[in-house]
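Enquirer: So here's target-v2.cif, just mmCIF, C-alpha atoms:
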data_target
#
loop_
_atom_site.label_atom_id
_atom_site.label_comp_id
_atom_site.auth_asym_id
_atom_site.auth_seq_id
_atom_site.Cartn_x
_atom_site.Cartn_y
_atom_site.Cartn_z
CA MET A 50 75.14 76.36 171.60
CA LYS A 51 78.44 76.45 169.81
CA PHE A 52 79.86 73.03 168.99
CA LYS A 53 83.54 73.81 169.29
CA LEU A 54 85.09 73.65 172.73
CA THR A 55 88.05 75.46 174.22
CA CYS A 56 90.71 73.37 175.98
CA ASP A 57 89.35 74.54 179.33
CA GLU A 58 85.87 73.30 178.44
CA ALA A 59 87.07 70.04 176.91
CA THR A 60 89.12 69.11 179.96
CA ALA A 61 86.23 70.09 182.25
CA ILE A 62 84.01 67.59 180.40
CA CYS A 63 86.82 65.05 180.68
CA SER A 64 86.82 65.46 184.47
CA LYS A 65 83.03 65.14 184.63
CA ASN A 66 83.32 62.03 182.52
CA GLN A 67 85.65 60.47 185.12
CA TYR A 68 82.55 60.14 187.28
CA GLY A 69 80.40 58.94 184.37
CA GLU A 70 78.30 62.10 184.50
CA ALA A 71 79.11 63.86 181.20
CA SER A 72 76.19 64.08 178.77
CA VAL A 73 76.30 62.29 175.42
CA VAL A 74 76.40 65.58 173.52
CA ASP A 75 79.30 66.82 175.66
CA LYS A 76 81.18 63.58 175.14
CA ILE A 77 80.83 63.90 171.36
CA ARG A 78 82.05 67.50 171.52
CA MET A 79 84.99 66.40 173.66
CA VAL A 80 85.99 63.54 171.36
CA PHE A 81 85.83 65.94 168.42
CA HIS A 82 88.12 68.37 170.27
CA LEU A 83 90.56 65.59 171.10
CA LEU A 84 90.91 64.72 167.41
CA PHE A 85 92.67 68.01 166.87
CA CYS A 86 94.24 68.72 170.25
CA ALA A 87 97.20 66.60 171.31
CA VAL A 88 97.60 68.43 174.63
CA CYS A 89 94.05 67.73 175.78
CA LYS A 90 94.38 64.17 174.52
CA LEU A 91 97.40 63.72 176.77
CA TYR A 92 95.54 65.39 179.64
CA THR A 93 92.62 62.98 179.17
CA LYS A 94 94.95 60.01 179.31
CA GLN A 95 96.59 61.27 182.49
CA ASN A 96 93.27 62.20 184.09
CA THR A 97 92.15 58.60 183.58
CA ILE A 98 95.35 57.36 185.22
CA ILE A 99 94.67 59.64 188.19
CA THR A 100 91.20 58.10 188.47
CA LYS A 101 92.75 54.64 188.64
CA CYS A 102 95.18 55.76 191.34
CA LEU A 103 92.36 57.36 193.31
CA SER A 104 90.44 54.12 193.53
CA SER A 105 93.34 52.65 195.50
CA VAL A 106 93.25 55.62 197.88
CA ASN A 107 89.53 55.10 198.45
CA ASP A 108 90.00 51.58 199.72
CA GLU A 109 92.40 52.70 202.42
CA THR A 110 90.27 55.47 203.86
CA GLU A 111 87.25 53.35 204.77
CA GLY A 112 86.48 52.76 208.41
CA ILE A 113 84.87 54.59 211.30
CA LYS A 114 86.65 57.59 212.71
CA LYS A 115 86.13 58.59 216.28
CA LEU A 116 86.96 61.25 218.78
CA ASN A 117 89.23 60.13 221.57
CA VAL A 118 88.09 59.84 225.18
CA LYS A 119 89.83 63.03 226.29
CA GLU A 120 88.19 65.08 223.55
CA LYS A 121 84.79 63.78 224.53
CA GLU A 122 85.38 64.54 228.19
CA GLU A 123 86.30 68.11 227.27
CA MET A 124 83.14 68.43 225.24
CA GLU A 125 81.01 67.10 228.03
CA LEU A 126 82.59 69.58 230.41
CA LYS A 127 81.88 72.51 228.12
CA ILE A 128 78.26 71.49 227.77
CA LYS A 129 77.89 71.15 231.54
CA GLU A 130 79.34 74.63 232.01
CA MET A 131 76.83 76.04 229.61
CA VAL A 132 73.85 74.22 231.11
CA GLU A 133 74.69 75.61 234.58
CA MET B 81 50.00 64.99 221.66
CA SER B 82 50.75 64.62 225.34
CA LEU B 83 54.07 65.62 226.82
CA GLU B 84 55.05 61.99 227.43
CA GLU B 85 54.86 61.11 223.76
CA LYS B 86 57.12 63.93 222.70
CA GLN B 87 60.81 63.35 222.21
CA GLN B 88 62.75 64.56 225.19
CA LEU B 89 66.14 66.25 225.19
CA ASN B 90 68.96 65.17 227.47
CA PRO B 91 71.90 67.51 226.85
CA GLU B 92 74.04 65.78 229.52
CA LYS B 93 73.94 62.62 227.45
CA TRP B 94 74.58 64.16 224.04
CA VAL B 95 78.32 63.60 223.91
CA GLY B 96 78.08 59.99 225.01
CA LEU B 97 75.22 59.17 222.69
CA TYR B 98 75.92 61.18 219.57
CA ALA B 99 79.47 62.59 219.49
CA ASP B 100 80.90 59.63 217.55
CA TYR B 101 78.02 59.53 215.11
CA LEU B 102 78.19 63.26 214.44
CA PHE B 103 81.97 63.17 214.21
CA ASN B 104 81.95 60.39 211.66
CA TYR B 105 79.30 62.26 209.67
CA THR B 106 81.33 65.48 209.74
CA ILE B 107 84.78 64.10 208.99
CA LYS B 108 83.46 62.42 205.85
CA ARG B 109 82.55 65.87 204.67
CA VAL B 110 85.31 68.16 205.89
CA ASP B 111 88.06 65.56 206.42
CA ASN B 112 89.85 67.45 209.15
CA HIS B 113 89.87 66.22 212.72
CA GLU B 114 90.07 69.60 214.45
CA VAL B 115 87.55 71.33 212.21
CA SER B 116 85.11 68.44 212.66
CA LYS B 117 85.50 68.57 216.42
CA ASP B 118 84.86 72.32 216.46
CA LEU B 119 81.79 71.98 214.25
CA ILE B 120 80.31 69.40 216.61
CA GLN B 121 81.05 71.55 219.63
CA GLU B 122 79.34 74.47 217.90
CA THR B 123 76.43 72.21 217.06
CA PHE B 124 75.99 71.29 220.71
CA TYR B 125 76.14 74.96 221.70
CA ALA B 126 73.58 75.95 219.10
CA ALA B 127 71.39 73.04 220.14
CA LEU B 128 71.53 74.06 223.80
CA LYS B 129 70.39 77.55 222.87
CA ALA B 130 67.60 76.07 220.79
CA VAL B 131 66.34 73.66 223.45
CA PRO B 132 63.31 75.85 224.30
CA SER B 133 62.16 75.82 220.67
CA PHE B 134 62.58 72.06 220.23
CA LYS B 135 59.15 70.77 219.34
CA GLY B 136 59.85 67.11 219.94
CA LEU B 137 58.68 66.06 216.51
CA ALA B 138 61.98 64.58 215.37
CA SER B 139 64.30 62.35 217.33
CA GLU B 140 67.08 64.00 219.25
CA ARG B 141 69.70 62.68 216.83
CA THR B 142 67.85 63.83 213.72
CA TRP B 143 67.44 67.24 215.26
CA LEU B 144 71.15 67.50 216.09
CA VAL B 145 72.10 66.39 212.57
CA SER B 146 69.89 69.11 211.07
CA ILE B 147 71.75 71.70 213.14
CA LEU B 148 75.10 70.17 212.19
CA LYS B 149 74.19 70.32 208.48
CA ARG B 150 73.66 74.06 208.81
CA LYS B 151 77.05 74.35 210.51
CA ILE B 152 78.75 72.48 207.67
CA ILE B 153 77.17 74.79 205.09
CA ASP B 154 78.29 77.82 207.10
CA HIS B 155 81.80 76.41 207.30
CA TYR B 156 81.86 75.78 203.56
CA ARG B 157 80.60 79.30 202.82
CA LYS B 158 83.37 80.67 204.98
CA VAL B 159 86.18 78.79 203.23
CA ASN B 160 84.58 79.43 199.86
CA SER B 161 84.36 83.17 200.23
CA ALA B 162 87.60 83.79 202.10
CA LYS B 163 89.52 86.34 200.09
CA GLY B 164 93.26 86.08 199.74
CA LYS B 165 93.21 82.44 200.74
CA ALA B 166 95.08 79.78 198.84
CA GLU B 167 93.76 79.24 195.33
CA VAL B 168 94.60 76.64 192.74
CA ARG B 169 96.92 77.76 189.98
CA VAL B 170 95.23 78.90 186.80
CA ASN B 171 95.80 76.50 183.91
CA PHE B 172 93.91 78.21 181.13
CA HIS B 173 93.83 81.76 179.81
CA GLN B 174 90.87 83.41 181.49
CA SER B 175 90.23 86.17 178.96
CA GLY B 176 91.34 87.72 175.70
CA GLU B 177 91.93 86.10 172.36
CA GLN B 178 93.41 82.95 173.91
CA GLU B 179 90.59 82.46 176.41
CA GLY B 180 90.21 78.78 177.28
CA ASP B 181 93.58 77.80 175.81
CA TRP B 182 96.27 76.12 177.91
CA ILE B 183 98.78 78.46 179.50
CA GLN B 184 102.11 77.45 177.99
CA GLU B 185 103.94 76.52 181.20
CA ARG B 186 100.95 74.58 182.53
CA VAL B 187 100.71 72.24 179.56
CA PRO B 188 100.89 68.58 180.68
CA ALA B 189 104.21 66.86 180.09
CA LYS B 190 104.45 63.28 178.88
CA TRP B 191 104.73 60.71 181.66
CA PRO B 192 106.87 57.60 181.46
CA SER B 193 104.89 54.53 180.49
CA PHE B 194 102.31 53.83 183.17
CA SER B 195 102.97 50.10 183.23
CA ASP B 196 106.30 50.88 184.88
CA TYR B 197 104.45 51.83 188.03
CA ASN B 198 102.94 49.48 190.51
CA LEU B 199 99.55 50.79 191.63
CA GLU B 200 99.76 48.83 194.85
CA GLN B 201 102.82 50.73 195.92
CA MET B 202 102.26 52.59 199.13
CA GLU B 203 104.28 55.59 198.03
CA LEU B 204 101.95 56.30 195.16
CA SER B 205 98.92 56.50 197.45
CA ASP B 206 100.97 58.57 199.86
CA THR B 207 101.89 61.06 197.15
CA LEU B 208 98.31 61.21 195.95
CA ARG B 209 97.07 61.78 199.50
CA MET B 210 99.63 64.52 199.93
CA CYS B 211 98.51 66.18 196.69
CA ILE B 212 94.86 65.99 197.76
CA ASP B 213 95.71 67.45 201.15
CA ASN B 214 97.52 70.31 199.43
CA LEU B 215 94.39 71.39 197.60
CA PRO B 216 92.88 74.60 198.98
CA GLU B 217 90.09 73.69 201.38
CA LYS B 218 87.19 74.81 199.21
CA TYR B 219 88.38 72.44 196.49
CA ALA B 220 89.42 69.65 198.85
CA ILE B 221 86.02 69.42 200.56
CA VAL B 222 84.06 69.04 197.33
CA PHE B 223 86.66 66.82 195.69
CA LYS B 224 86.78 64.41 198.63
CA MET B 225 83.01 64.20 198.98
CA LYS B 226 82.70 63.37 195.29
CA THR B 227 85.75 61.17 194.82
CA ILE B 228 86.64 59.59 198.15
CA GLN B 229 83.19 59.39 199.73
CA GLU B 230 81.67 58.80 196.29
CA MET B 231 78.60 60.85 197.13
CA GLU B 232 75.93 61.71 194.57
CA THR B 233 76.36 65.10 192.91
CA GLU B 234 72.87 66.13 193.96
CA ASP B 235 73.51 65.28 197.61
CA ILE B 236 76.75 67.27 197.73
CA CYS B 237 75.04 70.29 196.15
CA LYS B 238 72.31 70.10 198.76
CA GLU B 239 74.66 69.64 201.68
CA LEU B 240 76.99 72.46 200.71
CA ASP B 241 74.31 74.63 199.14
CA ILE B 242 76.12 75.02 195.81
CA SER B 243 74.95 74.58 192.21
CA SER B 244 75.99 71.56 190.16
CA SER B 245 77.83 73.74 187.63
CA ASN B 246 79.72 75.25 190.56
CA LEU B 247 80.55 71.73 191.76
CA TRP B 248 81.93 70.67 188.38
CA VAL B 249 84.09 73.79 188.04
CA ILE B 250 85.60 72.98 191.43
CA ILE B 251 86.14 69.31 190.48
CA HIS B 252 87.72 70.33 187.17
CA ARG B 253 90.17 72.71 188.85
CA ALA B 254 90.93 70.27 191.65
CA ARG B 255 91.74 67.49 189.20
CA THR B 256 93.86 69.74 187.01
CA GLN B 257 95.83 70.77 190.09
CA LEU B 258 96.09 67.16 191.22
CA ARG B 259 97.43 66.11 187.82
CA ALA B 260 100.13 68.77 187.95
CA CYS B 261 101.04 67.84 191.53
CA MET B 262 101.35 64.15 190.63
CA GLU B 263 103.44 65.02 187.59
CA GLN B 264 105.87 66.98 189.77
CA ASN B 265 106.02 64.63 192.72
CA TRP B 266 105.57 61.20 191.26
CA PHE B 267 105.52 60.58 187.55
CA ASN B 268 108.34 62.85 186.45
CA LYS B 269 110.29 62.98 189.67
#
Kindly transcribe the structure held in the file into structure tokens.
Expert:
Amino acid sequence: MKFKLTCDEATAICSKNQYGEASVVDKIRMVFHLLFCAVCKLYTKQNTIITKCLSSVNDETEGIKKLNVKEKEEMELKIKEMVE
Amino acid sequence: MSLEEKQQLNPEKWVGLYADYLFNYTIKRVDNHEVSKDLIQETFYAALKAVPSFKGLASERTWLVSILKRKIIDHYRKVNSAKGKAEVRVNFHQSGEQEGDWIQERVPAKWPSFSDYNLEQMELSDTLRMCIDNLPEKYAIVFKMKTIQEMETEDICKELDISSSNLWVIIHRARTQLRACMEQNWFNK
């Protein structure tokens, strides 16, 4: 395995790391890449900001979603048609 | 096992008993009202056809969910393989000497200091939602399952029948696209 990463690979590890699932070796390779790459360093910073913003989106989307009565009636009808 | 002990099927009652449960299960995975509705309808159709082969070993609901899972995988395969459909923009050179390097015009721009923004602000979540909704479906489905539903990687791979490296490529591209979309529509507006 080569140690040096391309920007594509380094940012991919950065994204995996947002979920805490990057391996230790990958994290070391990424940090090493970031020492020399200002663009990916900026990307990493922004990716972390996006993660923070996403956590506020998560809170809003909780809750049970349902079909409305009309949709269920239509479904029931279609099933009846097929049974007969 | 006698007939009485076996689980019985009552197709007339399916919608009343299971439609909401199945819908909630589906929309967490595909996050689209119409698509979810269609998948459930298809599940009921497939189940009706399969009634004669139902062995009565699982409960009715478990059996319906197993059919639905298949339908979700089929749906994901379809959006995943669709040629000519919307793709995310490429951010890195894909071949040649510069392979893996940033494409010049896709390089991230500096954002104004983050402390200037209030995370509670509704508009920020709205913009983020809009950017997520603009992702091509094959990216949106995986991204939402992982990020919004916070599902385990292993479970998503099983449910969509994809490899974990495939999952991470999709997440990487989705997030890169999301970053660019937020830069355009929020941070550097």
Enquirer: Quick one: contact table of chain A to chain B, 7 Å max, nearest atom pair and distance in Å to one decimal per residue, counting all atoms listed in the file, chain and number order, as a Markdown table?
Expert:
| residue | atom | partner | partner_atom | distance |
| --- | --- | --- | --- | --- |
| A:Thr55 | CA | B:Gly180 | CA | 5.0 |
| A:Cys56 | CA | B:Asp181 | CA | 5.3 |
| A:Asp57 | CA | B:Gly180 | CA | 4.8 |
| A:Ala61 | CA | B:His252 | CA | 5.1 |
| A:Ser64 | CA | B:His252 | CA | 5.6 |
| A:Lys65 | CA | B:Trp248 | CA | 6.8 |
| A:Val88 | CA | B:Pro188 | CA | 6.9 |
| A:Tyr92 | CA | B:Pro188 | CA | 6.3 |
| A:Asn96 | CA | B:Arg259 | CA | 6.8 |
| A:Cys102 | CA | B:Leu199 | CA | 6.6 |
| A:Val106 | CA | B:Ser205 | CA | 5.8 |
| A:Asn107 | CA | B:Ile228 | CA | 5.3 |
| A:Ile113 | CA | B:Asn104 | CA | 6.5 |
| A:Lys114 | CA | B:Asn104 | CA | 5.6 |
| A:Lys115 | CA | B:Asp100 | CA | 5.5 |
| A:Leu116 | CA | B:Asp100 | CA | 6.4 |
| A:Lys121 | CA | B:Val95 | CA | 6.5 |
| A:Met124 | CA | B:Gln121 | CA | 6.8 |
| A:Glu125 | CA | B:Val95 | CA | 6.0 |
| A:Lys129 | CA | B:Glu92 | CA | 6.9 |
Enquirer: Calculate how many Å separate CA of Asp213 in chain B from CA of Glu70 in chain A, rounding to one decimal.
Expert: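 Computing the Euclidean distance for CA of Asp213 in chain B and CA of Glu70 in chain A yields 24.7 Å.
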Enquirer: Write out as a PyMOL selection string the residues lying within 7 Å of range 130-141 of chain B, counting all atoms listed in the file and excluding same-chain residues fewer than 5 positions away.
Expert: chain B and resi 86-89+98
Enquirer: Expanded to explicit residues, what is the PyMOL selection byres ((chain B and resi 152) around 10) for this file, as an MDAnalysis selection string?
Expert: chainID B and resid 106 109:110 115:116 119:120 123 147:151 153:158 239:241
Enquirer: Just so the selection is clear, what residues does the PyMOL selection byres ((chain A and resi 79-84) around 12) cover here, as number ranges by chain?
Expert: A: 52-66, 71-78, 85-94
Enquirer: Could you check how far CA of Ser244 in chain B sits from CA of Asp111 in chain B, in Å to one decimal?
Expert: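 Between CA of Ser244 in chain B and CA of Asp111 in chain B the gap works out to 21.1 Å.
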Enquirer: Using only C-alpha atoms, which of A:Thr97, A:Leu103, A:Met131, A:Glu122 sits nearest Gln67 in chain A?
Expert: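 The answer is A:Thr97, which sits nearest to Gln67 in chain A.
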Enquirer: Quick one: distance from CA of Asn160 in chain B to CA of Arg186 in chain B in Å, one decimal?
Expert: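 These two atoms are separated by 24.3 Å.
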